[in-house]
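Peer 1: Dropping in query-v7.pdb, which is PDB, C-alpha atoms:
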ATOM      1  CA  ILE A   1     -47.910  -0.423 -18.712
ATOM      2  CA  PRO A   2     -46.071  -3.725 -19.125
ATOM      3  CA  VAL A   3     -43.263  -3.584 -21.714
ATOM      4  CA  SER A   4     -41.451  -6.676 -22.920
ATOM      5  CA  ARG A   5     -37.737  -7.074 -22.300
ATOM      6  CA  SER A   6     -36.985  -7.290 -26.043
ATOM      7  CA  ILE A   7     -38.643  -3.907 -26.676
ATOM      8  CA  ILE A   8     -36.646  -2.308 -23.855
ATOM      9  CA  GLU A   9     -33.415  -3.835 -25.214
ATOM     10  CA  ARG A  10     -34.186  -2.488 -28.726
ATOM     11  CA  MET A  11     -34.884   0.958 -27.235
ATOM     12  CA  ILE A  12     -31.566   0.899 -25.360
ATOM     13  CA  GLN A  13     -29.687  -0.180 -28.504
ATOM     14  CA  GLY A  14     -31.378   2.589 -30.509
ATOM     15  CA  ASN A  15     -30.447   5.162 -27.870
ATOM     16  CA  GLU A  16     -26.831   3.925 -27.844
ATOM     17  CA  ARG A  17     -26.651   4.247 -31.647
ATOM     18  CA  LEU A  18     -28.040   7.790 -31.486
ATOM     19  CA  LEU A  19     -25.631   8.757 -28.698
ATOM     20  CA  SER A  20     -22.729   7.320 -30.697
ATOM     21  CA  MET A  21     -23.812   9.320 -33.759
ATOM     22  CA  ILE A  22     -24.159  12.532 -31.731
ATOM     23  CA  ASN A  23     -20.684  12.023 -30.232
ATOM     24  CA  SER A  24     -19.251  11.407 -33.715
ATOM     25  CA  LEU A  25     -20.924  14.571 -35.036
ATOM     26  CA  LEU A  26     -19.566  16.602 -32.116
ATOM     27  CA  GLU A  27     -16.082  15.208 -32.687
ATOM     28  CA  LEU A  28     -16.385  15.929 -36.411
ATOM     29  CA  HIS A  29     -17.493  19.513 -35.752
ATOM     30  CA  SER A  30     -14.629  20.054 -33.327
ATOM     31  CA  SER A  31     -12.055  18.621 -35.743
ATOM     32  CA  GLU A  32     -13.409  20.714 -38.638
ATOM     33  CA  GLU A  33     -13.217  23.880 -36.519
ATOM     34  CA  GLN A  34      -9.791  23.381 -34.904
ATOM     35  CA  GLY A  35      -8.305  20.414 -36.745
ATOM     36  CA  ILE A  36      -7.371  17.221 -34.947
ATOM     37  CA  VAL A  37      -5.568  18.143 -31.739
ATOM     38  CA  LEU A  38      -2.977  15.533 -30.798
ATOM     39  CA  GLN A  39      -1.458  14.930 -27.372
ATOM     40  CA  ARG A  40       1.785  13.420 -28.665
ATOM     41  CA  GLU A  41       4.127  11.295 -26.610
ATOM     42  CA  LEU A  42       6.535   8.458 -27.309
ATOM     43  CA  VAL A  43       4.399   5.341 -27.757
ATOM     44  CA  GLN A  44       5.257   1.668 -28.054
ATOM     45  CA  PHE A  45       2.749   0.793 -30.783
ATOM     46  CA  GLY A  46       2.597  -2.886 -29.828
ATOM     47  CA  THR A  47       0.971  -1.961 -26.492
ATOM     48  CA  LEU A  48      -2.055  -0.208 -28.029
ATOM     49  CA  LEU A  49      -3.972  -3.162 -29.471
ATOM     50  CA  PRO A  50      -4.371  -5.310 -26.301
ATOM     51  CA  ALA A  51      -6.289  -2.492 -24.558
ATOM     52  CA  VAL A  52      -8.583  -2.093 -27.581
ATOM     53  CA  ILE A  53      -9.222  -5.849 -27.695
ATOM     54  CA  ARG A  54     -10.121  -5.850 -23.985
ATOM     55  CA  ASP A  55     -12.653  -3.041 -24.546
ATOM     56  CA  LEU A  56     -14.226  -4.821 -27.542
ATOM     57  CA  GLU A  57     -14.170  -8.315 -25.995
ATOM     58  CA  PRO A  58     -17.907  -8.462 -25.096
ATOM     59  CA  MET A  59     -18.964  -7.527 -28.662
ATOM     60  CA  LEU A  60     -16.380  -9.827 -30.240
ATOM     61  CA  SER A  61     -17.581 -12.750 -28.108
ATOM     62  CA  GLU A  62     -21.235 -12.006 -28.803
ATOM     63  CA  ASN A  63     -20.554 -12.048 -32.559
ATOM     64  CA  LYS A  64     -18.232 -15.086 -32.373
ATOM     65  CA  VAL A  65     -15.326 -13.093 -33.810
ATOM     66  CA  THR A  66     -11.866 -14.676 -33.686
ATOM     67  CA  LEU A  67      -9.060 -12.119 -33.499
ATOM     68  CA  LYS A  68      -5.416 -13.040 -34.055
ATOM     69  CA  ASN A  69      -2.972 -10.375 -32.851
ATOM     70  CA  LEU A  70       0.344 -10.712 -34.739
ATOM     71  CA  VAL A  71       1.605  -7.220 -33.846
ATOM     72  CA  PRO A  72       5.142  -7.509 -32.418
ATOM     73  CA  LYS A  73       5.573  -5.967 -28.976
ATOM     74  CA  ASP A  74       9.052  -4.656 -29.830
ATOM     75  CA  LEU A  75       8.178  -2.295 -32.692
ATOM     76  CA  PRO A  76      10.141   0.992 -32.798
ATOM     77  CA  LEU A  77       8.683   3.965 -30.940
ATOM     78  CA  ILE A  78       6.353   6.449 -32.586
ATOM     79  CA  MET A  79       5.466  10.000 -31.532
ATOM     80  CA  ALA A  80       1.700   9.773 -31.291
ATOM     81  CA  ASP A  81      -1.549  10.333 -29.429
ATOM     82  CA  SER A  82      -2.225   6.857 -28.058
ATOM     83  CA  THR A  83      -5.887   7.580 -27.176
ATOM     84  CA  LYS A  84      -6.690   8.711 -30.715
ATOM     85  CA  LEU A  85      -4.821   5.774 -32.282
ATOM     86  CA  GLN A  86      -6.764   3.365 -30.076
ATOM     87  CA  ARG A  87      -9.957   5.001 -31.369
ATOM     88  CA  VAL A  88      -8.824   4.362 -34.957
ATOM     89  CA  LEU A  89      -8.111   0.706 -34.171
ATOM     90  CA  GLN A  90     -11.492   0.368 -32.473
ATOM     91  CA  ASN A  91     -13.311   1.994 -35.419
ATOM     92  CA  LEU A  92     -11.667  -0.290 -37.996
ATOM     93  CA  LEU A  93     -12.224  -3.480 -35.997
ATOM     94  CA  THR A  94     -15.824  -2.474 -35.288
ATOM     95  CA  TYR A  95     -16.496  -1.822 -38.975
ATOM     96  CA  SER A  96     -15.358  -5.361 -39.840
ATOM     97  CA  TRP A  97     -17.566  -7.214 -37.396
ATOM     98  CA  LEU A  98     -20.596  -4.941 -37.877
ATOM     99  CA  HIS A  99     -20.671  -5.583 -41.625
ATOM    100  CA  ASN A 100     -20.223  -9.336 -41.632
ATOM    101  CA  PRO A 101     -22.126 -12.349 -40.349
ATOM    102  CA  PRO A 102     -21.104 -13.905 -37.002
ATOM    103  CA  GLY A 103     -17.979 -16.075 -36.992
ATOM    104  CA  LEU A 104     -15.637 -13.559 -38.618
ATOM    105  CA  HIS A 105     -11.860 -14.117 -38.429
ATOM    106  CA  LEU A 106      -9.682 -11.007 -38.018
ATOM    107  CA  THR A 107      -5.891 -10.919 -38.286
ATOM    108  CA  VAL A 108      -3.938  -7.833 -37.188
ATOM    109  CA  LYS A 109      -0.317  -7.463 -38.337
ATOM    110  CA  ALA A 110       2.310  -4.726 -38.223
ATOM    111  CA  THR A 111       5.643  -4.342 -39.975
ATOM    112  CA  VAL A 112       8.301  -1.656 -40.280
ATOM    113  CA  GLU A 113       8.896  -0.418 -43.844
ATOM    114  CA  ASP A 114      10.884   2.664 -44.902
ATOM    115  CA  GLN A 115      10.745   4.493 -41.556
ATOM    116  CA  VAL A 116       7.009   3.817 -41.024
ATOM    117  CA  ILE A 117       4.982   1.252 -39.159
ATOM    118  CA  ARG A 118       2.413  -0.345 -41.463
ATOM    119  CA  LEU A 119      -0.549  -1.954 -39.716
ATOM    120  CA  SER A 120      -3.106  -4.153 -41.456
ATOM    121  CA  ILE A 121      -6.408  -5.593 -40.255
ATOM    122  CA  GLN A 122      -7.583  -8.407 -42.524
ATOM    123  CA  ASP A 123     -10.965 -10.112 -42.291
ATOM    124  CA  ASN A 124     -12.389 -13.104 -44.121
ATOM    125  CA  GLY A 125     -15.788 -11.492 -44.598
ATOM    126  CA  VAL A 126     -17.616  -9.855 -47.468
ATOM    127  CA  GLY A 127     -15.567  -7.754 -49.868
ATOM    128  CA  MET A 128     -16.623  -4.602 -51.711
ATOM    129  CA  ASN A 129     -16.001  -3.071 -55.112
ATOM    130  CA  LYS A 130     -13.209  -0.579 -55.917
ATOM    131  CA  LEU A 131     -15.540   2.442 -55.873
ATOM    132  CA  GLU A 132     -16.819   1.556 -52.391
ATOM    133  CA  CYS A 133     -13.215   1.094 -51.203
ATOM    134  CA  ALA A 134     -12.187   4.453 -52.662
ATOM    135  CA  ARG A 135     -15.087   6.288 -50.986
ATOM    136  CA  LEU A 136     -15.249   4.447 -47.652
ATOM    137  CA  PHE A 137     -13.375   7.148 -45.700
ATOM    138  CA  ASP A 138     -15.196  10.090 -47.336
ATOM    139  CA  LEU A 139     -17.555  12.262 -45.311
ATOM    140  CA  PHE A 140     -21.313  11.627 -45.611
ATOM    141  CA  VAL A 141     -21.052   9.332 -48.616
ATOM    142  CA  ARG A 142     -24.037   6.998 -48.625
ATOM    143  CA  ASP A 143     -25.923   5.308 -51.371
ATOM    144  CA  PRO A 144     -28.721   2.710 -51.182
ATOM    145  CA  GLN A 145     -26.205  -0.137 -51.556
ATOM    146  CA  ALA A 146     -23.803   1.176 -48.893
ATOM    147  CA  ARG A 147     -23.409  -1.209 -45.981
ATOM    148  CA  SER A 148     -22.068   1.414 -43.600
ATOM    149  CA  SER A 149     -24.377   3.557 -41.512
ATOM    150  CA  THR A 150     -23.925   7.303 -41.207
ATOM    151  CA  CYS A 151     -22.398   6.797 -37.755
ATOM    152  CA  THR A 152     -19.866   4.255 -39.012
ATOM    153  CA  GLY A 153     -19.074   6.515 -41.963
ATOM    154  CA  LEU A 154     -18.366   9.391 -39.594
ATOM    155  CA  LYS A 155     -16.061   7.201 -37.518
ATOM    156  CA  LEU A 156     -14.101   6.127 -40.599
ATOM    157  CA  TYR A 157     -13.811   9.748 -41.791
ATOM    158  CA  ILE A 158     -12.566  10.810 -38.342
ATOM    159  CA  SER A 159     -10.134   7.864 -38.359
ATOM    160  CA  ARG A 160      -8.664   9.156 -41.619
ATOM    161  CA  GLN A 161      -8.337  12.654 -40.131
ATOM    162  CA  ILE A 162      -6.509  11.223 -37.090
ATOM    163  CA  ILE A 163      -4.052   9.229 -39.210
ATOM    164  CA  LYS A 164      -3.429  12.232 -41.499
ATOM    165  CA  ALA A 165      -2.767  14.397 -38.405
ATOM    166  CA  HIS A 166      -0.076  11.823 -37.491
ATOM    167  CA  LEU A 167       1.390  12.291 -41.024
ATOM    168  CA  GLY A 168       0.342   8.776 -41.984
ATOM    169  CA  GLU A 169      -1.882   7.255 -44.667
ATOM    170  CA  ILE A 170      -4.938   5.010 -44.401
ATOM    171  CA  GLY A 171      -6.881   2.869 -46.833
ATOM    172  CA  VAL A 172      -8.719  -0.361 -47.528
ATOM    173  CA  LYS A 173      -8.262  -3.144 -50.073
ATOM    174  CA  SER A 174     -10.837  -5.749 -50.999
ATOM    175  CA  ASN A 175     -10.550  -9.313 -52.188
ATOM    176  CA  PRO A 176     -14.025 -10.778 -52.805
ATOM    177  CA  LYS A 177     -12.825 -14.239 -51.737
ATOM    178  CA  ARG A 178     -10.935 -13.058 -48.630
ATOM    179  CA  GLY A 179     -12.800  -9.991 -47.379
ATOM    180  CA  LEU A 180     -11.329  -6.580 -46.561
ATOM    181  CA  THR A 181      -7.892  -5.444 -45.450
ATOM    182  CA  PHE A 182      -7.767  -2.080 -43.680
ATOM    183  CA  TRP A 183      -4.286  -0.574 -43.418
ATOM    184  CA  PHE A 184      -2.586   2.539 -42.131
ATOM    185  CA  THR A 185       0.944   3.859 -41.737
ATOM    186  CA  LEU A 186       2.594   5.913 -38.994
ATOM    187  CA  PRO A 187       6.075   7.473 -39.156
ATOM    188  CA  LEU A 188       8.653   6.279 -36.668
ATOM    189  CA  ALA A 189       9.785   8.716 -33.978
ATOM    190  CA  ASN A 190      12.895  10.663 -34.949
ATOM    191  CA  LEU A 191      14.965  10.019 -31.860
ATOM    192  CA  PRO A 192      18.321  11.796 -31.523
ATOM    193  CA  THR A 193      21.254   9.474 -31.950
ATOM    194  CA  THR A 194      24.063   9.624 -29.411
ATOM    195  CA  SER A 195      27.548   9.835 -30.809
ATOM    196  CA  ARG A 196      30.554   8.333 -29.116
TER     197      ARG A 196
END
Turn the structure described in the file into structure tokens.
Peer 2:
Amino acid sequence: IPVSRSIIERMIQGNERLLSMINSLLELHSSEEQGIVLQRELVQFGTLLPAVIRDLEPMLSENKVTLKNLVPKDLPLIMADSTKLQRVLQNLLTYSWLHNPPGLHLTVKATVEDQVIRLSIQDNGVGMNKLECARLFDLFVRDPQARSSTCTGLKLYISRQIIKAHLGEIGVKSNPKRGLTFWFTLPLANLPTTSR
């Protein structure tokens, strides 16, 4: 039976979405049973984003997304699970370009404030109201107006669990004229000081 290429591509995309949702549900179940298990090591935070950008490059190009990386490479060390933090970065960046028209501009910044690294991801896309912002990281919250799919909602919930396991905080702010700003904090590593 002849099947058009567009139908096959839609089937593949549907299967990928289902697989992504199943993986998110499995990860959620595991984290609810045992908590988030971290493989901590000393991490130079500035090295995490370039790898994430490389992985997302095909989707960013396809959606004409411009990403400006202003994260300094010489940030202080953190004690963290680099794989899980890269997943958080990927989830937040993916949310921004999935919920906006092509041509989005993303700016990623990081600063050190009061013994924590504070990262922000700002887009120039569509904003949301305060209630949506407050509930965005909650588990299984969906209403007819929600722009996030169940799968994306699971990924944001898991992202919050990962940041909390690192003793950090995560959130989102909206400005209707300038889009969304995702942010999270991570404590700096407590390295022993050498006395002379």
Peer 1: When the PyMOL selection byres ((chain A and resi 67-81) around 8) is applied to the structure above, which residues does it catch, written out as an MDAnalysis selection string?
Peer 2: chainID A and resid 38:47 65:66 82:85 105:112 166 186:189
Peer 1: Give me the residues near stretch 124-127 of chain A as a ChimeraX atom specification, where near means some atom within 12 Å (using only C-alpha atoms) and where sequence neighbours in that chain fewer than 4 positions away do not count.
Peer 2: /A:65-67,95-107,131-133,147,172-182
Peer 1: Counting all atoms listed in the file, what is within 8 Å of A:Glu169, bar same-chain residues fewer than 5 positions away, as a short mmCIF file (atom, residue, chain, number, x, y, z; two decimals) with C-alpha atoms, keeping the file's coordinate frame?
Peer 2:
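Resulting contents of part_13.cif:
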data_model
loop_
_atom_site.label_atom_id
_atom_site.label_comp_id
_atom_site.auth_asym_id
_atom_site.auth_seq_id
_atom_site.Cartn_x
_atom_site.Cartn_y
_atom_site.Cartn_z
CA ARG A 160 -8.66 9.16 -41.62
CA ILE A 163 -4.05 9.23 -39.21
CA LYS A 164 -3.43 12.23 -41.50
CA PHE A 184 -2.59 2.54 -42.13
CA THR A 185 0.94 3.86 -41.74
CA LEU A 186 2.59 5.91 -38.99
#
Peer 1: Using atom CA of A:Gln161 and atom CA of A:Pro58 as the two end points, give the distance in Å to one decimal.
Peer 2: 27.6 Å
Peer 1: Rounded to one decimal in Å, what is the spacing between atom CA of A:Tyr157 and atom CA of A:Phe137?
Peer 2: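 That distance, rounded to one decimal, is 4.7 Å.
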Peer 1: Given only C-alpha atoms as the basis, pick out the residue of A:Thr94, A:Asn129, A:Ala134, A:Ser6 nearest to A:Asn63.
Peer 2: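 Nearest candidate to A:Asn63 out of A:Thr94, A:Asn129, A:Ala134, A:Ser6: A:Thr94.
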Peer 1: Can you sort out the box for stretch 48-65 of chain A, edges along x, y and z, all listed atoms in, 8 Å on every side, with centre and edge lengths in Å to one decimal, as JSON?
Peer 2:
{"center_x": -11.6, "center_y": -7.6, "center_z": -28.9, "size_x": 35.2, "size_y": 30.9, "size_z": 25.8}
